[in-house]
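Please read the structure below before turning to the comments.
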Amino acid sequence: MAIAATATPPVVRDRRLAFTATAAILLTFAAAAAVPSPLYVVYQGLWGFSAATLTVIFAVYVAALISTLLVLGSLSDFIGRRPVLAGAIALEAASFVLFLVAGDVGTLIAARVVQGIATGAALSTLGAALIDLNPAHAPGRAGLISGIAPVAGLAVGALGCGFLVEYAPFPTHLVFALLLAAMVLAAVTVAFLPETAARRPGVAAALLPRLGVPARLRADLLALVPIMVASWALGGLYLALGPSVAADSFGLHDHLTGGLVVTLLCGSGALTSFLLRAVPTPRVLAIAGTGLAAGGLIGVGGMLTASLLLAAAGTIVSGVGFGAAALASFGTLARLAAPHERGELQAVALVISYAAFSLPAMIAGLLAGRIGLHPTALLYGGAVAALGALALAAQALRTRRTAAAGPAVS
């Protein structure tokens, strides 16, 4: 009995440490995804490409990410978390090498494609691993981290890159050298992480592009789709065009401000996710819809009146909606998924999110080439506000229907 008592604490400590390390790797991948945003303006100045080309560079990343989720999203459910994560880290490091040697748009696009593949493989695997390692005494922690870490990472990556580009030497190189070092550290960390998913047969079939949602979870996922689409469409605008809109509409050309635009949205989102962690999901969804709708309208008002203060306030309010939506959606799925469903269900949620993240932003980039960046941003902000209101109405309707149906009979 004494031997068992002394053997238990190290296992508990190791599991907690593994959870923390996995969350840190997730944060690093999310930060790396945001790093190119403040640099787009720099690359435009160096190579003279249009806003339409900028959104193509943005879109190929997301296309590669979504394709990877479709093919590899459930792979870690079959071969284990560690092998998939190790491969993702190696690809992410390769993308940073491409960024370091990039001298034209073609190499930049190649770097973003490789980064998209790496991020797609990593995100679904890391989300599933967090659920596997979730502490028994805090059943909602994996969902909380899955909601906060990507949003917080985007904030950290954009602000950190903006600071380095504005004040440090080698603006298009230093940040990627630092990220390359971070990937080396992540690779060493993964070598010491425990494997949390047992190997099982069927891996060949799992590689066929597909999205699968268990029948018992379809209604829950469908209820989350409107708010996921609204929130990630907003995120796409800020990461693809936010710094350019700040320069075009308000004359803010320094790169730290370009990063701060993204950080205002994602930082307020991460803080919101943390503060709402104990609030019931229906209320969080209501806050998400309200924040997105109100924030979009306030932001549009700021651009119409050329009020930087009003535009910043709209970004913060939108960030509240963005963070609440991430918490509600990923938290709900983390709570409901069975162990063998985790990788695939994370992949489904990420495909929906990143499709909403990229397609509207790409359309906006093409539209900006025709009517200008400022009018495009106004139309986009209004559309996000309408989507937020639609998501709020859909959630209210679902709540009424659930209440009218009454408690389930067991």
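In the structure tokens, chains take the letters A, B, ... in the order shown, each chain's residues start at 1, and ligands count up from 1 in the order shown.
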Env of Phe176 (chain A): 8 Å cut, atoms = only C-alpha atoms, seq-sep filter 2 positions within chain, self excluded. Answer as a ChimeraX atom specification. /A:96-97,99-100,172-174,178-180
Writing out the chosen residues with N, CA and C atoms as a PDB file, in the first residue's frame:
ATOM      1  N   PHE A  96       8.985  27.691 -41.940  1.00  0.00           N
ATOM      2  CA  PHE A  96       9.742  28.842 -41.454  1.00  0.00           C
ATOM      3  C   PHE A  96      11.038  29.022 -42.244  1.00  0.00           C
ATOM      4  N   VAL A  97      11.636  27.909 -42.657  1.00  0.00           N
ATOM      5  CA  VAL A  97      12.832  27.999 -43.509  1.00  0.00           C
ATOM      6  C   VAL A  97      12.469  28.657 -44.842  1.00  0.00           C
ATOM      7  N   PHE A  99      10.003  30.793 -45.342  1.00  0.00           N
ATOM      8  CA  PHE A  99       9.810  32.217 -45.062  1.00  0.00           C
ATOM      9  C   PHE A  99      11.162  32.943 -44.989  1.00  0.00           C
ATOM     10  N   LEU A 100      12.138  32.291 -44.383  1.00  0.00           N
ATOM     11  CA  LEU A 100      13.453  32.921 -44.214  1.00  0.00           C
ATOM     12  C   LEU A 100      14.150  33.171 -45.548  1.00  0.00           C
ATOM     13  N   THR A 172      11.785  40.812 -41.856  1.00  0.00           N
ATOM     14  CA  THR A 172      11.126  39.646 -42.456  1.00  0.00           C
ATOM     15  C   THR A 172      11.851  38.337 -42.132  1.00  0.00           C
ATOM     16  N   HIS A 173      12.825  38.395 -41.223  1.00  0.00           N
ATOM     17  CA  HIS A 173      13.604  37.193 -40.928  1.00  0.00           C
ATOM     18  C   HIS A 173      13.643  36.821 -39.438  1.00  0.00           C
ATOM     19  N   LEU A 174      13.806  37.819 -38.572  1.00  0.00           N
ATOM     20  CA  LEU A 174      14.032  37.533 -37.157  1.00  0.00           C
ATOM     21  C   LEU A 174      12.896  36.719 -36.543  1.00  0.00           C
ATOM     22  N   LEU A 178      13.125  32.954 -34.702  1.00  0.00           N
ATOM     23  CA  LEU A 178      12.666  32.676 -33.341  1.00  0.00           C
ATOM     24  C   LEU A 178      11.633  31.546 -33.329  1.00  0.00           C
ATOM     25  N   LEU A 179      10.729  31.559 -34.294  1.00  0.00           N
ATOM     26  CA  LEU A 179       9.718  30.502 -34.373  1.00  0.00           C
ATOM     27  C   LEU A 179      10.356  29.154 -34.714  1.00  0.00           C
ATOM     28  N   LEU A 180      11.389  29.176 -35.535  1.00  0.00           N
ATOM     29  CA  LEU A 180      12.097  27.937 -35.849  1.00  0.00           C
ATOM     30  C   LEU A 180      12.711  27.333 -34.583  1.00  0.00           C
TER      31      LEU A 180
END
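Atom pair CA of Leu390 (chain A) / CA of Pro226 (chain A): separated by 7.3 Å.
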Per residue of region 295-323 of chain A within 10 Å of region 237-261 of chain A, what are the shortest atom pair and its distance in Å to one decimal, counting only C-alpha atoms, with rows by chain and residue number, as JSON lines?
{"residue": "A:Gly302", "atom": "CA", "partner": "A:Ser249", "partner_atom": "CA", "distance": 9.9}
{"residue": "A:Met303", "atom": "CA", "partner": "A:Ser249", "partner_atom": "CA", "distance": 7.0}
{"residue": "A:Leu304", "atom": "CA", "partner": "A:Ser249", "partner_atom": "CA", "distance": 9.5}
{"residue": "A:Ala306", "atom": "CA", "partner": "A:Phe250", "partner_atom": "CA", "distance": 6.9}
{"residue": "A:Ser307", "atom": "CA", "partner": "A:Phe250", "partner_atom": "CA", "distance": 8.3}
{"residue": "A:Leu308", "atom": "CA", "partner": "A:Phe250", "partner_atom": "CA", "distance": 7.0}
{"residue": "A:Ala311", "atom": "CA", "partner": "A:Ala246", "partner_atom": "CA", "distance": 9.7}
{"residue": "A:Ala312", "atom": "CA", "partner": "A:Val261", "partner_atom": "CA", "distance": 8.1}
{"residue": "A:Thr315", "atom": "CA", "partner": "A:Val261", "partner_atom": "CA", "distance": 8.0}
{"residue": "A:Ile316", "atom": "CA", "partner": "A:Val261", "partner_atom": "CA", "distance": 9.8}
List every residue of region 48-196 of chain A that DSSP, applied to the backbone of this structure, places in alpha helix (DSSP H), and write the result as number ranges by chain. A: 51-72, 76-79, 81-101, 105-132, 141-167, 174-192
Can those selected residues be exported to a file as a compact mmCIF listing (two decimals), in the first residue's frame so that it contains C-alpha atoms?
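Just written: selection_4.txt:
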# COMPACT_ATOMS: atom_id res chain seq x y z
CA ALA A 51 -4.79 43.35 -52.20
CA ALA A 52 -6.22 40.54 -54.34
CA THR A 53 -2.81 38.80 -54.38
CA LEU A 54 -2.58 39.33 -50.61
CA THR A 55 -5.82 37.47 -50.04
CA VAL A 56 -4.68 34.67 -52.36
CA ILE A 57 -1.59 34.26 -50.14
CA PHE A 58 -3.93 34.16 -47.16
CA ALA A 59 -6.38 31.79 -48.84
CA VAL A 60 -3.85 29.17 -49.96
CA TYR A 61 -2.86 28.75 -46.32
CA VAL A 62 -6.43 28.03 -45.30
CA ALA A 63 -7.07 25.81 -48.35
CA ALA A 64 -4.04 23.70 -47.40
CA LEU A 65 -5.20 23.62 -43.77
CA ILE A 66 -8.73 22.50 -44.64
CA SER A 67 -7.48 19.88 -47.12
CA THR A 68 -5.21 18.49 -44.43
CA LEU A 69 -8.06 18.34 -41.95
CA LEU A 70 -10.16 16.41 -44.47
CA VAL A 71 -7.40 13.85 -45.09
CA LEU A 72 -5.53 13.72 -41.77
CA SER A 76 -4.22 10.54 -34.72
CA ASP A 77 -7.27 8.50 -33.62
CA PHE A 78 -5.69 5.53 -35.45
CA ILE A 79 -1.88 5.86 -35.20
CA ARG A 81 -1.14 11.62 -31.23
CA ARG A 82 2.66 11.78 -31.05
CA PRO A 83 3.54 10.61 -34.60
CA VAL A 84 1.11 13.07 -36.20
CA LEU A 85 2.28 15.90 -33.98
CA ALA A 86 5.94 15.17 -34.69
CA GLY A 87 5.28 15.31 -38.45
CA ALA A 88 3.33 18.56 -38.07
CA ILE A 89 6.20 20.17 -36.16
CA ALA A 90 8.71 19.10 -38.83
CA LEU A 91 6.54 20.65 -41.57
CA GLU A 92 6.01 23.83 -39.57
CA ALA A 93 9.79 24.17 -39.20
CA ALA A 94 10.18 23.66 -42.96
CA SER A 95 7.69 26.47 -43.61
CA PHE A 96 9.74 28.84 -41.45
CA VAL A 97 12.83 28.00 -43.51
CA LEU A 98 10.86 28.92 -46.65
CA PHE A 99 9.81 32.22 -45.06
CA LEU A 100 13.45 32.92 -44.21
CA VAL A 101 14.63 32.46 -47.81
CA VAL A 105 5.43 35.90 -53.98
CA GLY A 106 5.87 32.32 -55.24
CA THR A 107 8.08 31.31 -52.32
CA LEU A 108 5.77 33.10 -49.90
CA ILE A 109 2.81 31.12 -51.24
CA ALA A 110 4.81 27.88 -50.91
CA ALA A 111 5.66 28.75 -47.29
CA ARG A 112 2.00 29.39 -46.50
CA VAL A 113 0.91 26.11 -48.11
CA VAL A 114 3.41 24.11 -46.05
CA GLN A 115 2.40 26.03 -42.92
CA GLY A 116 -1.26 25.31 -43.65
CA ILE A 117 -0.61 21.57 -43.91
CA ALA A 118 1.38 21.62 -40.67
CA THR A 119 -1.24 23.64 -38.81
CA GLY A 120 -4.12 21.47 -40.02
CA ALA A 121 -2.37 18.31 -38.82
CA ALA A 122 -1.40 19.91 -35.52
CA LEU A 123 -4.65 21.60 -34.48
CA SER A 124 -6.95 18.58 -34.59
CA THR A 125 -4.29 16.42 -32.92
CA LEU A 126 -3.51 18.92 -30.17
CA GLY A 127 -7.20 19.49 -29.46
CA ALA A 128 -7.77 15.75 -29.13
CA ALA A 129 -4.66 15.32 -26.95
CA LEU A 130 -5.85 18.04 -24.57
CA ILE A 131 -9.14 16.17 -24.11
CA ASP A 132 -7.22 12.93 -23.52
CA ARG A 141 -10.46 22.56 -18.78
CA ALA A 142 -9.65 20.98 -22.17
CA GLY A 143 -12.57 22.79 -23.80
CA LEU A 144 -11.52 26.05 -22.14
CA ILE A 145 -7.93 25.75 -23.37
CA SER A 146 -9.08 24.65 -26.84
CA GLY A 147 -11.16 27.84 -27.00
CA ILE A 148 -8.64 30.24 -25.46
CA ALA A 149 -5.28 29.05 -26.82
CA PRO A 150 -5.95 29.59 -30.55
CA VAL A 151 -7.42 33.05 -29.97
CA ALA A 152 -4.71 34.05 -27.48
CA GLY A 153 -2.04 32.70 -29.81
CA LEU A 154 -3.31 34.84 -32.67
CA ALA A 155 -3.11 37.89 -30.38
CA VAL A 156 0.41 37.10 -29.18
CA GLY A 157 1.70 36.26 -32.66
CA ALA A 158 0.32 39.40 -34.32
CA LEU A 159 1.49 41.79 -31.59
CA GLY A 160 4.89 40.15 -31.19
CA CYS A 161 5.52 40.18 -34.91
CA GLY A 162 4.36 43.80 -35.22
CA PHE A 163 6.77 44.82 -32.46
CA LEU A 164 9.71 42.97 -34.03
CA VAL A 165 9.02 44.34 -37.50
CA GLU A 166 8.77 47.91 -36.22
CA TYR A 167 11.66 47.97 -33.76
CA LEU A 174 14.03 37.53 -37.16
CA VAL A 175 10.52 36.42 -36.21
CA PHE A 176 10.80 33.24 -38.28
CA ALA A 177 14.21 32.42 -36.82
CA LEU A 178 12.67 32.68 -33.34
CA LEU A 179 9.72 30.50 -34.37
CA LEU A 180 12.10 27.94 -35.85
CA ALA A 181 13.83 27.72 -32.46
CA ALA A 182 10.41 27.33 -30.81
CA MET A 183 9.63 24.38 -33.12
CA VAL A 184 12.90 22.70 -32.15
CA LEU A 185 11.86 23.05 -28.50
CA ALA A 186 8.39 21.70 -29.34
CA ALA A 187 9.94 18.66 -31.05
CA VAL A 188 12.03 17.89 -27.96
CA THR A 189 8.92 18.30 -25.79
CA VAL A 190 6.87 15.87 -27.91
CA ALA A 191 9.61 13.26 -27.55
CA PHE A 192 8.88 13.20 -23.80
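Excluding Ala396 (chain A) itself and same-chain residues fewer than 4 positions from it, the residues having an atom within 9 Å of it are Pro282, Ala286, Ala391, Leu392, Arg400 and Arg401 of chain A, counting only C-alpha atoms.
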Dump of C-alpha atoms for the selected residues, as a compact mmCIF listing (two decimals), in the first residue's frame:
# COMPACT_ATOMS: atom_id res chain seq x y z
CA PRO A 282 -26.64 29.12 -23.94
CA ALA A 286 -26.09 34.82 -26.56
CA ALA A 391 -26.73 33.53 -34.99
CA LEU A 392 -28.34 35.21 -31.98
CA ARG A 400 -37.41 28.18 -27.10
CA ARG A 401 -37.85 24.87 -28.91
Exercise: Ser273 (chain A) partners within 7 Å, only C-alpha atoms, chain neighbours under 4 positions left out, as JSON, numbers by chain: {"A": [147, 148, 269, 277, 323, 324, 327]}
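A straight line drawn from CA of Gly267 (chain A) to CA of Val320 (chain A) is 9.1 Å long.
In this model, the gap between CA of Pro214 (chain A) and CA of Ile227 (chain A) comes to 20.6 Å.
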Tell me which protein, DNA and RNA residues are within 8 Å of region 380-386 of chain A, counting only C-alpha atoms, leaving out same-chain ones fewer than 4 positions away, and put them as a PyMOL selection string. chain A and resi 230-231+233-234+237+292-297+299-300+364+376+390
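Nearest to Pro139 (chain A) of all the residues A:Ala355, A:Ala278, A:Ala389, A:Leu217 is A:Ala278, counting only C-alpha atoms.
Each of A:Ile371, A:Leu387, A:Leu26, A:Ala18 was checked against Leu193 (chain A) using only C-alpha atoms; the smallest atom-to-atom distance is that of A:Ala18.
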